[in-house]
Amino acid sequence: MIKRNEKDIYIQYLGGASEVGATSIFLYWKGERILIDSGARQVKDKYPIFEEINDDIDLFILTHLHGDHVGSLMECENKLNLKRMITSPDNKSMLKIALEDSQKILKSDFEKEKNEIKKQEIEKKLDIYSSENIDRVIRKMETKDFYKTIYLGKTNLKITFYKTSHLLGSLGILFEDGTYTLFLTCDFTESKKFFHQKTEFISKLKGKKIDTMITETTYGRNDESDEILKEKTLTDLSYGINKIFKNEGNVLIPCFALGRMQEVISAILRLILEGRISRDTKIYIHNSPNSLGIKYTEKYLEQSLDILAEELTINGKNYFEILNKKQSQIQNKQRNNFSLLKSLQKKLNIARYNPKEIASEFRKAEKAIFLIQEC
(Lines give C-alpha, C1' and ligand atoms only; values in the text may rest on other atoms or scores of the structure.)
Protein backbone atom coordinates (compact mmCIF):
# COMPACT_ATOMS: atom_id res chain seq x y z
CA MET A 1 0.00 0.00 0.00
CA ILE A 2 1.23 3.51 -0.84
CA LYS A 3 2.57 5.50 2.11
CA ARG A 4 0.33 8.41 3.05
CA ASN A 5 0.55 11.51 5.15
CA GLU A 6 -2.31 13.07 7.07
CA LYS A 7 -3.05 15.58 4.30
CA ASP A 8 -3.67 12.91 1.70
CA ILE A 9 -6.92 11.73 0.18
CA TYR A 10 -6.30 8.37 -1.42
CA ILE A 11 -8.43 5.59 -2.90
CA GLN A 12 -7.41 2.00 -3.55
CA TYR A 13 -9.63 -0.70 -5.01
CA LEU A 14 -9.03 -4.02 -3.26
CA GLY A 15 -11.29 -5.70 -5.82
CA GLY A 16 -13.97 -4.88 -8.37
CA ALA A 17 -12.13 -2.14 -10.28
CA SER A 18 -11.97 -3.96 -13.63
CA GLU A 19 -14.25 -6.90 -12.93
CA VAL A 20 -17.64 -7.92 -11.61
CA GLY A 21 -17.10 -9.30 -8.14
CA ALA A 22 -15.16 -8.71 -4.91
CA THR A 23 -15.84 -4.98 -4.87
CA SER A 24 -14.08 -3.35 -1.94
CA ILE A 25 -12.81 0.24 -1.83
CA PHE A 26 -10.29 1.57 0.68
CA LEU A 27 -10.53 5.32 1.19
CA TYR A 28 -7.89 7.20 3.18
CA TRP A 29 -9.07 10.70 4.05
CA LYS A 30 -6.56 12.85 5.91
CA GLY A 31 -5.94 10.26 8.60
CA GLU A 32 -9.36 8.55 8.55
CA ARG A 33 -9.51 5.02 7.15
CA ILE A 34 -12.76 3.97 5.48
CA LEU A 35 -13.62 0.69 3.78
CA ILE A 36 -16.60 0.51 1.44
CA ASP A 37 -18.10 -2.94 0.75
CA SER A 38 -16.59 -6.39 0.86
CA GLY A 39 -17.73 -8.51 -2.07
CA ALA A 40 -16.80 -11.91 -3.45
CA ARG A 41 -16.01 -13.37 -6.87
CA GLN A 42 -17.58 -16.54 -8.29
CA VAL A 43 -14.11 -17.99 -8.91
CA LYS A 44 -11.31 -19.61 -6.92
CA ASP A 45 -9.73 -16.34 -5.70
CA LYS A 46 -12.97 -15.10 -4.19
CA TYR A 47 -11.98 -12.29 -1.89
CA PRO A 48 -10.65 -8.72 -2.09
CA ILE A 49 -6.97 -8.14 -1.30
CA PHE A 50 -7.43 -7.64 2.44
CA GLU A 51 -3.67 -8.06 2.88
CA GLU A 52 -3.24 -4.52 1.52
CA ILE A 53 -4.82 -3.18 4.70
CA ASN A 54 -2.43 -3.01 7.64
CA ASP A 55 -4.32 -0.47 9.76
CA ASP A 56 -7.54 -0.43 11.73
CA ILE A 57 -10.60 0.68 9.76
CA ASP A 58 -12.36 3.65 11.33
CA LEU A 59 -15.58 3.13 9.37
CA PHE A 60 -16.93 0.32 7.19
CA ILE A 61 -19.85 1.20 4.87
CA LEU A 62 -22.05 -1.43 3.21
CA THR A 63 -23.76 -0.08 0.07
CA HIS A 64 -26.11 -2.97 -0.82
CA LEU A 65 -26.68 -6.71 -0.53
CA HIS A 66 -25.57 -8.13 -3.88
CA GLY A 67 -22.89 -10.79 -3.47
CA ASP A 68 -20.24 -8.81 -5.33
CA HIS A 69 -20.53 -6.16 -2.59
CA VAL A 70 -21.36 -8.16 0.57
CA GLY A 71 -20.17 -11.69 -0.23
CA SER A 72 -17.04 -11.57 1.95
CA LEU A 73 -18.33 -9.36 4.77
CA MET A 74 -17.84 -12.02 7.45
CA GLU A 75 -14.30 -12.78 6.24
CA CYS A 76 -13.53 -9.05 6.17
CA GLU A 77 -14.81 -8.53 9.70
CA ASN A 78 -12.80 -11.55 10.82
CA LYS A 79 -9.52 -10.38 9.23
CA LEU A 80 -9.67 -6.63 9.89
CA ASN A 81 -10.44 -4.47 12.89
CA LEU A 82 -13.56 -2.63 11.75
CA LYS A 83 -14.14 -0.08 14.51
CA ARG A 84 -17.55 0.97 13.19
CA MET A 85 -19.87 -0.56 10.60
CA ILE A 86 -22.80 1.26 9.04
CA THR A 87 -25.40 0.87 6.29
CA SER A 88 -28.95 1.92 5.41
CA PRO A 89 -31.88 0.58 7.49
CA ASP A 90 -33.24 -1.51 4.59
CA ASN A 91 -29.86 -3.16 4.07
CA LYS A 92 -29.53 -4.06 7.75
CA SER A 93 -33.08 -5.42 7.92
CA MET A 94 -32.16 -8.06 5.31
CA LEU A 95 -28.49 -8.60 6.20
CA LYS A 96 -29.01 -11.38 8.74
CA ILE A 97 -31.05 -13.41 6.24
CA ALA A 98 -28.30 -12.95 3.63
CA LEU A 99 -25.55 -14.07 6.02
CA GLU A 100 -27.58 -17.03 7.28
CA ASP A 101 -28.18 -18.00 3.66
CA SER A 102 -24.39 -18.13 3.15
CA GLN A 103 -24.12 -20.23 6.29
CA LYS A 104 -26.68 -22.72 4.90
CA ILE A 105 -24.76 -23.00 1.62
CA LEU A 106 -21.52 -23.70 3.49
CA LYS A 107 -23.21 -26.38 5.60
CA SER A 108 -24.56 -28.02 2.47
CA ASP A 109 -21.12 -27.88 0.82
CA PHE A 110 -19.56 -29.42 3.92
CA GLU A 111 -21.98 -32.35 3.89
CA LYS A 112 -21.44 -33.02 0.17
CA GLU A 113 -17.65 -32.63 0.11
CA LYS A 114 -15.67 -35.90 -0.01
CA ASN A 115 -12.15 -34.47 -0.07
CA GLU A 116 -10.91 -34.20 3.53
CA ILE A 117 -8.65 -31.18 2.95
CA LYS A 118 -11.44 -29.21 1.26
CA LYS A 119 -13.79 -30.31 4.02
CA GLN A 120 -11.45 -28.77 6.60
CA GLU A 121 -11.33 -25.53 4.61
CA ILE A 122 -15.13 -25.34 4.59
CA GLU A 123 -15.19 -26.07 8.32
CA LYS A 124 -12.93 -23.07 8.95
CA LYS A 125 -15.31 -20.87 6.97
CA LEU A 126 -18.24 -22.24 8.96
CA ASP A 127 -16.49 -21.09 12.14
CA ILE A 128 -16.45 -17.56 10.71
CA TYR A 129 -20.13 -17.90 9.72
CA SER A 130 -21.24 -19.24 13.10
CA SER A 131 -24.61 -18.01 14.34
CA GLU A 132 -22.83 -16.23 17.20
CA ASN A 133 -20.56 -14.34 14.79
CA ILE A 134 -23.46 -13.43 12.50
CA ASP A 135 -25.46 -12.08 15.45
CA ARG A 136 -22.43 -10.11 16.64
CA VAL A 137 -21.92 -8.50 13.22
CA ILE A 138 -25.62 -7.61 13.00
CA ARG A 139 -25.46 -5.95 16.43
CA LYS A 140 -22.31 -4.10 15.42
CA MET A 141 -23.83 -2.78 12.18
CA GLU A 142 -25.26 0.70 12.72
CA THR A 143 -27.81 2.33 10.43
CA LYS A 144 -28.15 5.82 9.04
CA ASP A 145 -31.08 7.08 6.98
CA PHE A 146 -30.57 8.68 3.60
CA TYR A 147 -29.60 12.37 3.76
CA LYS A 148 -28.75 12.19 7.49
CA THR A 149 -25.15 13.23 8.13
CA ILE A 150 -22.37 11.20 9.78
CA TYR A 151 -19.32 13.07 11.09
CA LEU A 152 -16.08 11.14 11.33
CA GLY A 153 -12.80 11.79 13.13
CA LYS A 154 -10.80 14.88 13.95
CA THR A 155 -11.20 16.23 10.41
CA ASN A 156 -14.98 16.21 11.02
CA LEU A 157 -15.41 14.44 7.69
CA LYS A 158 -19.06 14.78 6.65
CA ILE A 159 -20.59 11.62 5.14
CA THR A 160 -24.09 11.47 3.62
CA PHE A 161 -25.93 8.58 1.97
CA TYR A 162 -27.88 9.19 -1.26
CA LYS A 163 -30.50 6.94 -2.84
CA THR A 164 -29.54 5.01 -5.94
CA SER A 165 -31.93 2.80 -7.89
CA HIS A 166 -29.84 -0.36 -8.09
CA LEU A 167 -31.56 -2.26 -5.29
CA LEU A 168 -33.76 -1.47 -2.32
CA GLY A 169 -31.55 0.14 0.32
CA SER A 170 -28.62 0.71 -2.03
CA LEU A 171 -26.72 3.92 -1.48
CA GLY A 172 -24.23 6.33 -2.97
CA ILE A 173 -21.90 8.22 -0.64
CA LEU A 174 -20.94 11.91 -0.47
CA PHE A 175 -17.75 12.81 1.43
CA GLU A 176 -17.07 16.48 2.34
CA ASP A 177 -14.59 18.20 4.62
CA GLY A 178 -15.02 21.86 3.64
CA THR A 179 -12.07 21.86 1.24
CA TYR A 180 -12.73 18.80 -0.93
CA THR A 181 -15.81 16.87 -2.05
CA LEU A 182 -15.91 13.28 -3.32
CA PHE A 183 -19.00 11.40 -4.48
CA LEU A 184 -19.03 7.63 -4.94
CA THR A 185 -22.16 6.60 -6.83
CA CYS A 186 -21.43 2.97 -5.89
CA ASP A 187 -23.49 0.53 -7.97
CA PHE A 188 -26.48 2.33 -9.47
CA THR A 189 -29.07 1.90 -12.20
CA GLU A 190 -29.86 5.09 -14.07
CA SER A 191 -32.46 3.34 -16.21
CA LYS A 192 -35.73 2.69 -14.35
CA LYS A 193 -37.06 -0.23 -16.38
CA PHE A 194 -39.70 -1.57 -14.06
CA PHE A 195 -39.51 -1.61 -10.36
CA HIS A 196 -36.63 0.25 -8.75
CA GLN A 197 -36.61 2.80 -5.99
CA LYS A 198 -35.97 6.12 -7.66
CA THR A 199 -32.44 7.38 -8.30
CA GLU A 200 -32.35 10.63 -6.36
CA PHE A 201 -28.70 11.58 -6.21
CA ILE A 202 -28.72 13.15 -9.69
CA SER A 203 -31.41 15.70 -8.76
CA LYS A 204 -30.31 16.07 -5.12
CA LEU A 205 -26.72 16.94 -6.05
CA LYS A 206 -27.66 19.31 -8.88
CA GLY A 207 -25.73 22.56 -8.49
CA LYS A 208 -23.40 21.15 -5.83
CA LYS A 209 -19.67 21.45 -6.50
CA ILE A 210 -18.13 17.98 -6.54
CA ASP A 211 -14.38 17.78 -7.02
CA THR A 212 -14.30 14.07 -7.90
CA MET A 213 -16.98 11.55 -8.75
CA ILE A 214 -16.26 7.84 -9.07
CA THR A 215 -19.04 5.82 -10.65
CA GLU A 216 -19.96 2.16 -10.85
CA THR A 217 -22.97 0.97 -12.78
CA THR A 218 -24.40 -2.36 -13.88
CA TYR A 219 -26.84 -1.01 -16.47
CA GLY A 220 -26.04 2.68 -16.82
CA ARG A 221 -27.57 4.62 -19.67
CA ASN A 222 -28.73 3.08 -22.91
CA ASP A 223 -29.04 4.67 -26.32
CA GLU A 224 -32.75 3.94 -26.27
CA SER A 225 -35.19 5.55 -23.87
CA ASP A 226 -36.56 3.69 -20.86
CA GLU A 227 -40.01 3.52 -22.42
CA ILE A 228 -38.70 1.96 -25.65
CA LEU A 229 -36.68 -0.61 -23.71
CA LYS A 230 -39.63 -1.34 -21.45
CA GLU A 231 -41.98 -1.85 -24.39
CA LYS A 232 -39.49 -4.14 -26.17
CA THR A 233 -39.12 -6.22 -23.02
CA LEU A 234 -42.88 -6.49 -22.53
CA THR A 235 -43.47 -7.37 -26.19
CA ASP A 236 -40.84 -10.13 -26.14
CA LEU A 237 -42.09 -11.47 -22.82
CA SER A 238 -45.76 -11.53 -23.85
CA TYR A 239 -44.91 -13.22 -27.16
CA GLY A 240 -42.98 -15.98 -25.39
CA ILE A 241 -45.63 -16.55 -22.72
CA ASN A 242 -48.51 -16.66 -25.22
CA LYS A 243 -46.64 -19.06 -27.49
CA ILE A 244 -46.00 -21.45 -24.59
CA PHE A 245 -49.59 -21.20 -23.31
CA LYS A 246 -50.90 -21.87 -26.83
CA ASN A 247 -48.94 -25.13 -26.82
CA GLU A 248 -50.46 -25.97 -23.40
CA GLY A 249 -47.18 -25.45 -21.60
CA ASN A 250 -46.16 -23.48 -18.53
CA VAL A 251 -43.41 -20.89 -18.09
CA LEU A 252 -40.43 -21.09 -15.74
CA ILE A 253 -38.40 -17.91 -15.14
CA PRO A 254 -35.20 -17.92 -13.03
CA CYS A 255 -34.98 -14.82 -10.82
CA PHE A 256 -31.76 -15.43 -8.94
CA ALA A 257 -30.49 -11.89 -8.37
CA LEU A 258 -31.98 -9.91 -5.51
CA GLY A 259 -34.41 -7.40 -6.96
CA ARG A 260 -35.05 -9.44 -10.09
CA MET A 261 -38.22 -11.16 -8.89
CA GLN A 262 -39.78 -7.78 -8.12
CA GLU A 263 -39.12 -6.60 -11.68
CA VAL A 264 -40.47 -9.81 -13.19
CA ILE A 265 -43.66 -9.71 -11.09
CA SER A 266 -44.18 -6.09 -12.09
CA ALA A 267 -43.76 -6.90 -15.80
CA ILE A 268 -46.10 -9.92 -15.69
CA LEU A 269 -48.81 -8.01 -13.81
CA ARG A 270 -48.65 -5.20 -16.33
CA LEU A 271 -49.15 -7.71 -19.17
CA ILE A 272 -52.14 -9.24 -17.35
CA LEU A 273 -53.76 -5.89 -16.61
CA GLU A 274 -53.24 -4.69 -20.19
CA GLY A 275 -54.79 -7.92 -21.53
CA ARG A 276 -51.63 -8.92 -23.39
CA ILE A 277 -51.55 -12.29 -21.66
CA SER A 278 -54.46 -14.26 -20.20
CA ARG A 279 -56.11 -12.82 -17.10
CA ASP A 280 -56.28 -16.43 -15.85
CA THR A 281 -52.49 -16.54 -15.69
CA LYS A 282 -51.32 -17.78 -12.31
CA ILE A 283 -47.98 -16.70 -10.84
CA TYR A 284 -46.21 -19.17 -8.57
CA ILE A 285 -43.50 -18.22 -6.07
CA HIS A 286 -42.00 -20.75 -3.71
CA ASN A 287 -43.18 -21.12 -0.14
CA SER A 288 -39.94 -21.36 1.81
CA PRO A 289 -40.34 -19.10 4.87
CA ASN A 290 -36.57 -18.68 5.14
CA SER A 291 -35.96 -17.75 1.51
CA LEU A 292 -33.91 -14.58 1.17
CA GLY A 293 -35.58 -13.88 -2.17
CA ILE A 294 -39.14 -14.16 -0.83
CA LYS A 295 -38.33 -12.16 2.30
CA TYR A 296 -36.74 -9.54 0.10
CA THR A 297 -39.84 -9.44 -2.12
CA GLU A 298 -42.05 -8.82 0.91
CA LYS A 299 -39.71 -6.13 2.20
CA TYR A 300 -39.42 -4.53 -1.21
CA LEU A 301 -43.18 -4.34 -1.66
CA GLU A 302 -43.70 -2.93 1.82
CA GLN A 303 -41.19 -0.16 1.12
CA SER A 304 -42.17 0.51 -2.49
CA LEU A 305 -45.95 0.89 -2.62
CA ASP A 306 -45.64 4.24 -4.37
CA ILE A 307 -43.44 2.76 -7.10
CA LEU A 308 -45.64 -0.30 -7.46
CA ALA A 309 -48.75 1.85 -7.82
CA GLU A 310 -47.02 4.16 -10.30
CA GLU A 311 -45.72 1.29 -12.42
CA LEU A 312 -49.06 -0.51 -12.51
CA THR A 313 -51.37 2.44 -13.10
CA ILE A 314 -52.73 1.90 -16.59
CA ASN A 315 -54.98 4.28 -18.54
CA GLY A 316 -55.38 6.43 -15.45
CA LYS A 317 -56.78 3.59 -13.35
CA ASN A 318 -54.80 2.51 -10.30
CA TYR A 319 -55.24 -1.25 -9.98
CA PHE A 320 -53.42 -1.19 -6.66
CA GLU A 321 -55.61 1.28 -4.80
CA ILE A 322 -56.48 -1.45 -2.33
CA LEU A 323 -52.82 -1.84 -1.43
CA ASN A 324 -52.39 1.87 -0.80
CA LYS A 325 -55.38 1.78 1.54
CA LYS A 326 -53.63 -0.94 3.49
CA GLN A 327 -50.43 1.07 3.92
CA SER A 328 -51.29 2.22 7.43
CA GLN A 329 -51.85 -1.41 8.40
CA ILE A 330 -48.47 -2.36 6.97
CA GLN A 331 -46.76 0.29 9.07
CA ASN A 332 -48.37 -1.24 12.15
CA LYS A 333 -48.26 -4.83 10.97
CA GLN A 334 -47.26 -6.29 14.36
CA ARG A 335 -50.71 -5.39 15.67
CA ASN A 336 -52.60 -6.15 12.47
CA ASN A 337 -50.45 -9.08 11.30
CA PHE A 338 -50.97 -7.85 7.74
CA SER A 339 -48.89 -9.25 4.88
CA LEU A 340 -48.75 -7.30 1.64
CA LEU A 341 -47.77 -10.44 -0.21
CA LYS A 342 -50.93 -12.16 1.05
CA SER A 343 -52.99 -9.29 -0.29
CA LEU A 344 -51.22 -9.61 -3.63
CA GLN A 345 -51.92 -13.34 -3.68
CA LYS A 346 -55.67 -12.82 -3.19
CA LYS A 347 -55.98 -9.99 -5.69
CA LEU A 348 -53.58 -11.09 -8.38
CA ASN A 349 -53.65 -14.88 -8.54
CA ILE A 350 -50.25 -15.38 -6.92
CA ALA A 351 -49.76 -18.83 -5.40
CA ARG A 352 -46.98 -20.65 -3.56
CA TYR A 353 -45.30 -23.85 -4.64
CA ASN A 354 -43.24 -26.34 -2.67
CA PRO A 355 -39.68 -26.26 -4.11
CA LYS A 356 -39.32 -30.00 -3.45
CA GLU A 357 -42.44 -30.71 -5.51
CA ILE A 358 -41.89 -28.21 -8.30
CA ALA A 359 -41.64 -30.83 -11.06
CA SER A 360 -45.06 -32.33 -10.31
CA GLU A 361 -46.68 -28.95 -9.59
CA PHE A 362 -45.28 -27.56 -12.84
CA ARG A 363 -46.80 -30.45 -14.81
CA LYS A 364 -50.20 -30.16 -13.13
CA ALA A 365 -50.61 -26.39 -13.43
CA GLU A 366 -52.36 -24.61 -16.30
CA LYS A 367 -51.47 -21.17 -17.69
CA ALA A 368 -48.86 -20.83 -14.98
CA ILE A 369 -45.64 -18.86 -14.58
CA PHE A 370 -43.23 -20.27 -12.00
CA LEU A 371 -40.66 -17.82 -10.62
CA ILE A 372 -37.60 -19.65 -9.33
CA GLN A 373 -35.58 -17.90 -6.65
CA GLU A 374 -33.36 -20.10 -4.53
CA CYS A 375 -31.33 -17.27 -3.00
# chains A, B, ... in the order shown; residues from 1 in each chain; ligands from 1

$ select_by_dssp --residues "region 31-132 of chain A" --states "helix (DSSP H, G or I)" --output "PyMOL selection string"
chain A and resi 50-52+67-70+73-79+89-112+116-128+131-132

$ closest_residue --among "A:Ser203, A:Asn78, A:Asn133, A:Ser266" --to "Lys230 (chain A)" --atoms "only C-alpha atoms"
A:Ser266

$ closest_residue --among "A:Val70, A:Thr215, A:Ile105, A:Ala267" --to "Asp236 (chain A)" --atoms "only C-alpha atoms"
A:Ala267

$ closest_residue --among "A:Arg363, A:Lys208, A:His66, A:Lys46" --to "Ala98 (chain A)" --atoms "only C-alpha atoms"
A:His66

$ atom_distance --atom1 "CA of Leu167 (chain A)" --atom2 "CA of His64 (chain A)"
7.1 Å

$ closest_residue --among "A:Lys243, A:Lys96, A:His286, A:Arg279" --to "Met261 (chain A)" --atoms "only C-alpha atoms"
A:His286
